[in-house]
Every structure is written in C-alpha cells, then in structure tokens.
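This report concerns only the one structure given below.
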Amino acid sequence: MQIHQLRPKIKSKTKKRVGRGGKKGTFSGRGNKGQKARAGAKFKPLVRGWVKRYPKLRGYKFNVQTKTAVVNLSALEKKFNAGDIVSPSVLVEKKMVRRATGSKTPLVKILSQGEISKALTIKGCKVSQKAKEKIEKAQGKIE
C-alpha cells in the first residue's frame, strides 16, 4: 500500500449550502422574516432623516450659545495697575481668560467679588451693577 492509496474510514460530509431555494434552503443565518431577512432590503440612510428634521423656514438660525467668561474685581486688582485699559483681548494676553472656540476673543463679564482701589478703564466688557458702582467709586471708567 502506498500513500496515494490511503482513504479515511469515514466518508467526509458535504457542506450544506443554505439559503438558495429548493428543499435544503434555510434562513441562511438571517433569522426569521422581517426586513433584515429579505434579499436586497436596504435601510434608509441616516443623514436623510437628520436633514428632514431641521426647519427650512426663512429666518431660522442655528442657535449657538456662547459662554461668557467671568472675571472678578479682586483679580483685576492683582493683575492691573492704575490707569490701565481692561478689554477682552488684554485679559486673554494676561491669561486671565481663555479664547473662545475658533480663536475668537470671548465675551467677558466683570463681577463685583472683591474690592478695587485702582482707577481702571473698562472697554468691551459687560459689567454687573455692583461692580459698576465699585469701579466708579475708585474713579474708574466704563466705556
């Protein structure tokens, strides 16, 4: 007997090809029924659903809320000298406030926490009512 004459004792079983019609067709690993089980069934693209949800009337604006950076009077007292100008760009340079997304200078509001004794000029910032009183008491200006 030679190697090419060897045969296994048990015959090899032929692989069952499923999901092709005839009597041996089964669900082909797709479960039973439903849209996912059908041939050629496609689901809707997600993007179309998103586009349909947005209003398309005139005047609609996508609402982007920007956060306002907050600076207290006590911080201004420490970092600035008398007669200095306080603006959002100056606050960014002194690293008291971070830039907004897209490298824009942020909206800044000055709050009244702490005391101030230096006369500062404030430009382009929102100021709370109490902070305004304290700044004007120290001979400062708000523009």
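Residues are named by chain letter and number: chains run A, B, ... in the order of the structure tokens, numbers start at 1 in each chain, and ligands are numbered from 1 in the order shown.
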
Q.
Excluding Gln113 of chain A and its own-chain neighbours fewer than 6 positions away, which residues fall within 10 Å of it when counting only C-alpha atoms? Please give them as a list in words.
A. Val71, Asn72, Leu73, Ser74, Ala75, Lys130 and Ala131 of chain A

Q. What is the atom CA of Thr121 of chain A-atom CA of Ala82 of chain A distance in Å, reported with one decimal?
A. 9.0 Å

(Q) Show me, as a PyMOL selection string, the residues that have an atom within 10 Å of Lys141 of chain A when counting only C-alpha atoms, minus same-chain residues fewer than 6 positions from it. (A) chain A and resi 83+85+119-123+132+135

Q | All strand (DSSP E) residues (DSSP, backbone) inside chain A, as a PyMOL selection string | A | chain A and resi 68-72+85-86+107-111+121-122+126-127+141-142

(Q) Under the rule that only C-alpha atoms are counted, which of A:Thr101, A:Glu77, A:Pro88, A:Arg17 is the nearest residue to Glu115 of chain A? (A) A:Glu77

Q: From segment 2-127 of chain A, collect each residue whose DSSP state is alpha helix (DSSP H) and return the set as JSON, numbers by chain.
A: {"A": [46, 47, 48, 49, 50, 51, 52, 53, 73, 74, 75, 76, 77, 78, 79, 88, 89, 90, 91, 92, 93]}

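Between atom CA of Asn81 of chain A and atom CA of Lys104 of chain A the interatomic distance comes to 25.7 Å.
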
Q) Could you state the separation of atom CA of Lys67 of chain A and atom CA of Ser128 of chain A in Å, given to one decimal place? A) 16.2 Å

Q: Find the residues around Ala39 of chain A up to 12 Å (only C-alpha atoms counted), leave out those fewer than 5 positions away in its own chain, and share them as a PyMOL selection string.
A: chain A and resi 19-20+27-28+30+33-34

Just N, CA, C and O atoms for this one: save the residues we selected as a PDB file, in the first residue's frame.
```pdb
ATOM      1  N   GLY A  19     -29.864  28.718   2.048  1.00  0.00           N
ATOM      2  CA  GLY A  19     -30.442  29.970   1.580  1.00  0.00           C
ATOM      3  C   GLY A  19     -30.429  30.136   0.085  1.00  0.00           C
ATOM      4  O   GLY A  19     -30.320  31.248  -0.420  1.00  0.00           O
ATOM      5  N   ARG A  20     -30.551  29.028  -0.679  1.00  0.00           N
ATOM      6  CA  ARG A  20     -30.520  29.157  -2.134  1.00  0.00           C
ATOM      7  C   ARG A  20     -31.711  28.479  -2.799  1.00  0.00           C
ATOM      8  O   ARG A  20     -31.596  27.962  -3.883  1.00  0.00           O
ATOM      9  N   PHE A  27     -32.748  29.647   6.575  1.00  0.00           N
ATOM     10  CA  PHE A  27     -32.762  31.106   6.712  1.00  0.00           C
ATOM     11  C   PHE A  27     -31.410  31.764   6.481  1.00  0.00           C
ATOM     12  O   PHE A  27     -31.282  32.964   6.565  1.00  0.00           O
ATOM     13  N   SER A  28     -30.394  30.962   6.233  1.00  0.00           N
ATOM     14  CA  SER A  28     -29.098  31.492   5.829  1.00  0.00           C
ATOM     15  C   SER A  28     -28.501  32.445   6.867  1.00  0.00           C
ATOM     16  O   SER A  28     -27.884  33.443   6.533  1.00  0.00           O
ATOM     17  N   ARG A  30     -29.932  34.526   8.797  1.00  0.00           N
ATOM     18  CA  ARG A  30     -30.576  35.835   8.875  1.00  0.00           C
ATOM     19  C   ARG A  30     -31.768  35.841   9.828  1.00  0.00           C
ATOM     20  O   ARG A  30     -32.530  36.799   9.844  1.00  0.00           O
ATOM     21  N   LYS A  33     -37.921  35.959   8.971  1.00  0.00           N
ATOM     22  CA  LYS A  33     -38.745  37.049   8.445  1.00  0.00           C
ATOM     23  C   LYS A  33     -38.168  38.444   8.726  1.00  0.00           C
ATOM     24  O   LYS A  33     -37.033  38.585   9.127  1.00  0.00           O
ATOM     25  N   GLY A  34     -38.935  39.455   8.499  1.00  0.00           N
ATOM     26  CA  GLY A  34     -38.504  40.826   8.785  1.00  0.00           C
ATOM     27  C   GLY A  34     -37.657  41.436   7.683  1.00  0.00           C
ATOM     28  O   GLY A  34     -37.188  40.764   6.782  1.00  0.00           O
TER      29      GLY A  34
END
```

(Q) Applying 12 Å and only C-alpha atoms, which residues near Glu133 of chain A remain after dropping the ones on its own chain fewer than 3 positions away? List them as a PyMOL selection string. (A) chain A and resi 73+110-112+115-116+127-130+136-142
